[in-house]
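Right, one structure below, let's go through it.
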Protein chains: 2
Amino acid sequence: MPEAPSKPGRGRPPKMSKEDVLDVAMNAYWEDGPTAVSLNSICQRAVVSKPSVYNAFGSEDGLTCAALEHYGQFVMVKMLEILHSKDRFPNIIKRVAHLAAQDAQHQKGCLFVKMRSEKSQMGEKTQTLIAHLESMSRDAFATVLAEGKANGEWAGNIPVELAAHYLHAQIGLALDQRARGEDPTEVLAMALSVFEFTET
Amino acid sequence: MPEAPSKPGRGRPPKMSKEDVLDVAMNAYWEDGPTAVSLNSICQRAVVSKPSVYNAFGSEDGLTCAALEHYGQFVMVKMLEILHSKDRFPNIIKRVAHLAAQDAQHQKGCLFVKMRSEKSQMGEKTQTLIAHLESMSRDAFATVLAEGKANGEWAGNIPVELAAHYLHAQIGLALDQRARGEDPTEVLAMALSVFEFTET
DNA sequence: TTATTTACGTACCGATTGGTACAAATAAAG
DNA sequence: CTTTATTTGTACCAATCGGTACGTAAATAA
């Protein structure tokens, strides 16, 4: 009974672990690309029958959506933690840049970024979750920038909304570059230099 | 006889126009995404039989490769023309940014960028062409930057190689944003400001 | 006319897709 | 033990995928 002991249950005990399947699905989508991985292949990799997956997730959209939620909970949350930490503004920028450009976990890129770039091919629920994660991420960037501006740790000569959009886009670019095998370190540093330099 | 009158031909005259099919394929890949469009659907849209397409292009890889080449010849070339023009450096940057961020032709984004981000799912020949277009584009950026530096129209306080990589990446980001329905104008302007500002 | 060459349309191939019907298996509840 | 509830495994479904075999239409060459 690998699943939660929520109910002693009446029927045959489940052999499948929802968590295991989510791990397998998340990594498969993450590594090979969301549209390149079939539901069938996930069943094979997780050694689980298809009806079990449908019983647990309802549809392919349900599985991809759950896998993306899993990713948000266990991977993206680390970036949000940095953004919500009470560090100095330049340090937060530095730590976020390092996480995106250097951390070994994002060698394959970012599942969210990959799903977003193919969102038109994703299911309905997954598209909704993508939009939700997008606004959540952008809000977190905006908060950091607003605080940095209030504390005088950032010149703030750029509207907070635009700067947040910019930061979000540059981090996404770095993660996209890593997915392609590039090292985004220098390009990202160059992009983020607009927060350290002043106008002429 | 829609095809070139290269040879009076002996057998039955071709009904299919290679150029027409390439136009249809290019726009289909461009609009819906390269991996979202099947060879079958292209045959339907172009009102051409599958054996004709195979006769002309050999395989799906041959078709996608030819479509990307078509795109390079008729769309990407406009960017290269700007880069190779003998304009002043700031003007060239401005014109390139406008082409990527404002031009109506790139409302669907950029086929090259889309194929590159799904290159692992593309055929062998297509992957090779992607790499070729990539280095061609980066070389063009490097040339412009080197000339701008030589003419004193750009501070050049950044290595030309890195600056070219950066420009290439930012233009790609803008085109990716447009494909997602965003307006990249402000973000791109912010990214390119590193060429106009000086260090503190 | 006859033979040859070429491209066409149809109809098919095996593989794979997302999704499901159904019965055996296995537990608790009566 | 019987009933009921639940999950499993197998085996299937129609649709679509990339790719092809094959006979026919339509042109020139002889």
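Lettering and numbering for the structure tokens are positional, with chains as A, B, ... in the shown order, residues counted from 1 in each chain, and ligands counted from 1 in the shown order.
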Contact residues around segment 16-19 of chain C with only C-alpha atoms (C1' of nucleotides) at 10 Å, ignoring same-chain residues under 2 positions, as a list in words: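 After dropping sequence-adjacent residues, the list is Ser38, Leu39, Asn40, Lys50, Pro51, Tyr54, Ser59 and Glu60 of chain A; DG14 of chain C; DC13, DA14, DA15, DT16 and DC17 of chain D.
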Dump N, CA and C atoms (P, O5', C5', C4', C3', O3' and C1' of nucleotides) for the selected residues as a short mmCIF file (atom, residue, chain, number, x, y, z; two decimals), in the first residue's frame?
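Output (out-v9.cif):
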data_model
loop_
_atom_site.label_atom_id
_atom_site.label_comp_id
_atom_site.auth_asym_id
_atom_site.auth_seq_id
_atom_site.Cartn_x
_atom_site.Cartn_y
_atom_site.Cartn_z
N SER A 38 4.72 10.29 -24.35
CA SER A 38 3.34 9.82 -24.40
C SER A 38 2.94 9.25 -23.04
N LEU A 39 1.63 9.23 -22.83
CA LEU A 39 1.10 8.64 -21.62
C LEU A 39 1.48 7.16 -21.55
N ASN A 40 1.48 6.50 -22.67
CA ASN A 40 1.87 5.09 -22.71
C ASN A 40 3.29 4.89 -22.17
N LYS A 50 -2.19 1.32 -17.52
CA LYS A 50 -2.86 2.53 -17.97
C LYS A 50 -4.15 2.81 -17.20
N PRO A 51 -4.98 1.82 -16.98
CA PRO A 51 -6.22 2.10 -16.22
C PRO A 51 -5.93 2.67 -14.83
N TYR A 54 -5.33 6.30 -15.30
CA TYR A 54 -6.59 7.01 -15.59
C TYR A 54 -7.47 7.09 -14.36
N SER A 59 -7.19 11.82 -16.95
CA SER A 59 -6.89 12.00 -18.37
C SER A 59 -5.42 12.37 -18.50
N GLU A 60 -4.96 12.47 -19.74
CA GLU A 60 -3.57 12.90 -19.93
C GLU A 60 -3.39 14.32 -19.41
P DG C 14 0.87 -5.28 -41.82
"O5'" DG C 14 1.83 -4.66 -40.71
"C5'" DG C 14 3.21 -4.45 -41.01
"C4'" DG C 14 3.79 -3.39 -40.10
"C3'" DG C 14 3.60 -3.67 -38.60
"O3'" DG C 14 4.77 -3.28 -37.91
"C1'" DG C 14 2.61 -1.60 -39.12
P DC D 13 -11.32 -4.63 -31.31
"O5'" DC D 13 -11.65 -3.09 -31.16
"C5'" DC D 13 -12.72 -2.67 -30.32
"C4'" DC D 13 -12.67 -1.16 -30.14
"C3'" DC D 13 -12.35 -0.41 -31.43
"O3'" DC D 13 -13.57 0.02 -32.04
"C1'" DC D 13 -11.08 0.45 -29.55
P DA D 14 -13.63 0.03 -33.64
"O5'" DA D 14 -13.46 1.57 -34.00
"C5'" DA D 14 -14.15 2.55 -33.23
"C4'" DA D 14 -13.39 3.86 -33.22
"C3'" DA D 14 -13.04 4.42 -34.61
"O3'" DA D 14 -13.21 5.83 -34.60
"C1'" DA D 14 -11.05 4.13 -33.37
P DA D 15 -13.05 6.63 -36.00
"O5'" DA D 15 -11.65 7.39 -35.80
"C5'" DA D 15 -11.42 8.06 -34.57
"C4'" DA D 15 -9.99 8.58 -34.53
"C3'" DA D 15 -9.47 9.14 -35.86
"O3'" DA D 15 -8.96 10.45 -35.66
"C1'" DA D 15 -7.94 7.56 -34.97
P DT D 16 -8.59 11.36 -36.90
"O5'" DT D 16 -7.01 11.25 -36.97
"C5'" DT D 16 -6.23 11.50 -35.79
"C4'" DT D 16 -4.87 10.91 -35.94
"C3'" DT D 16 -4.14 11.31 -37.24
"O3'" DT D 16 -3.17 12.29 -36.95
"C1'" DT D 16 -3.74 9.04 -36.55
P DC D 17 -2.29 12.86 -38.18
"O5'" DC D 17 -0.92 12.04 -38.07
"C5'" DC D 17 -0.24 11.99 -36.81
"C4'" DC D 17 0.86 10.95 -36.85
"C3'" DC D 17 1.65 10.94 -38.16
"O3'" DC D 17 2.70 11.88 -38.08
"C1'" DC D 17 1.11 8.70 -37.43
#
Expected answer as a ChimeraX atom specification: chain A residues within 9 Å of chain B, only C-alpha atoms: /A:32-33,35-36,114,116-121,162-163,165-166,169-170,173,176-177,179-180,186-188,190-194,196-200
All alpha helix (DSSP H) residues (DSSP, backbone) inside segment 12-170 of chain A, as a ChimeraX atom specification: /A:18-32,39-46,50-57,60-71,77-84,89-101,111-117,124-150,160-170
Non-local contacts of Asp103 of chain B (12 Å; only C-alpha atoms (C1' of nucleotides); under 4 positions in same chain excluded) as a list in words: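 Close residues of Asp103 of chain B: Val75, Lys78, Met79, Arg95, Val96, Ala97, His98, Leu99, Gln107, Lys108, Gly109, Cys110, Ala174, Leu175, Arg178, Asp183, Pro184 and Thr185 of chain B.
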Atom CA of Gly152 of chain B to atom CA of Pro90 of chain B, distance in Å rounded to a single decimal: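 Taking atom CA of Gly152 of chain B and atom CA of Pro90 of chain B, their separation equals 11.1 Å.
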Within 7 Å of chain A: residues of chain C, using only C-alpha atoms (C1' of nucleotides), as an NGL selection string: :C and (26-28)
Restricted to C-alpha atoms (C1' of nucleotides), what would the selected residues look like written as a PDB file, in the first residue's frame?
ATOM      1  C1'  DT C  26      -8.309  -8.658  -3.166  1.00  0.00           C
ATOM      2  C1'  DA C  27      -9.721  -6.370   0.486  1.00  0.00           C
ATOM      3  C1'  DA C  28     -13.524  -5.109   4.224  1.00  0.00           C
TER       4       DA C  28
END
Spatial neighbours of Gly148 of chain A, max dist 12 Å, only C-alpha atoms (C1' of nucleotides), sep filter under 2 positions, as a list in words: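 Selected residues are Leu83, His84, Lys86, Asp87, Arg88, Phe89, Pro90, Asn91, Ile92, Ile93, Phe141, Ala142, Thr143, Val144, Leu145, Ala146, Ala150, Asn151, Gly152, Glu153, Trp154, Ala155, Gly156, Asn157, Val160, Ala163, Ala164 and Phe195 of chain A.
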Contact residues around Ser52 of chain A with only C-alpha atoms (C1' of nucleotides) at 10 Å, ignoring same-chain residues under 4 positions, as a list in words: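 Near Ser52 of chain A, the qualifying residues are Pro14, Lys15, Met16, Ser17, Lys18, Cys43, Val48, Ala56, Phe57 and Gly58 of chain A; DT7, DT8 and DG9 of chain D.
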Can you write out the residues you just picked, keeping C-alpha atoms (C1' of nucleotides), as a short mmCIF file (atom, residue, chain, number, x, y, z; two decimals), in the first residue's frame?
data_model
loop_
_atom_site.label_atom_id
_atom_site.label_comp_id
_atom_site.auth_asym_id
_atom_site.auth_seq_id
_atom_site.Cartn_x
_atom_site.Cartn_y
_atom_site.Cartn_z
CA PRO A 14 -3.68 -0.10 -4.50
CA LYS A 15 -0.29 -1.18 -5.80
CA MET A 16 0.40 2.09 -7.55
CA SER A 17 1.94 5.07 -5.79
CA LYS A 18 0.61 8.37 -7.08
CA CYS A 43 3.10 3.90 -17.82
CA VAL A 48 2.04 0.95 -13.92
CA ALA A 56 -5.76 8.39 -10.46
CA PHE A 57 -5.50 11.33 -12.87
CA GLY A 58 -8.56 11.11 -15.10
"C1'" DT D 7 -7.78 -1.81 -8.15
"C1'" DT D 8 -5.50 -4.44 -11.17
"C1'" DG D 9 -4.08 -6.60 -15.72
#
Please report as a Markdown table every residue of chain D lying within 6 Å of chain B, along with the nearest atom pair and their distance in Å (one decimal), using only C-alpha atoms (C1' of nucleotides).
| residue | atom | partner | partner_atom | distance |
| --- | --- | --- | --- | --- |
| D:DA26 | C1' | B:Arg12 | CA | 4.5 |
| D:DA27 | C1' | B:Arg12 | CA | 4.5 |
| D:DT28 | C1' | B:Arg10 | CA | 4.7 |
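Between atom C1' of DG9 of chain C and atom CA of Asn27 of chain B there is a distance of 25.5 Å.
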Two-atom distance - atom CA of Ala100 of chain A, atom CA of Ala66 of chain A (Å):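 Separating atom CA of Ala100 of chain A from atom CA of Ala66 of chain A is a distance of 22.9 Å.
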Residue nearest DA7 of chain C - candidates B:Ala140, B:Ala101, B:Ala25, B:Val53, atoms counted: only C-alpha atoms (C1' of nucleotides): B:Val53
DC13 of chain C surroundings by only C-alpha atoms (C1' of nucleotides), 10 Å radius, close-in-sequence under 6 positions cut, as a ChimeraX atom specification: /D:19-21
For the residues selected in the previous step, produce a file with C-alpha atoms (C1' of nucleotides) as a compact mmCIF listing (two decimals), in the first residue's frame.
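And here's result-v7.txt as it stands now:
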# COMPACT_ATOMS: atom_id res chain seq x y z
C1' DG D 19 5.74 5.74 -45.20
C1' DT D 20 4.79 2.81 -49.44
C1' DA D 21 2.86 -0.58 -53.25
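Excluding DA23 of chain C and any residue on its chain fewer than 2 positions from it, the residues at most 10 Å away by only C-alpha atoms (C1' of nucleotides) are C:DA21, C:DA25, D:DG9, D:DT10.
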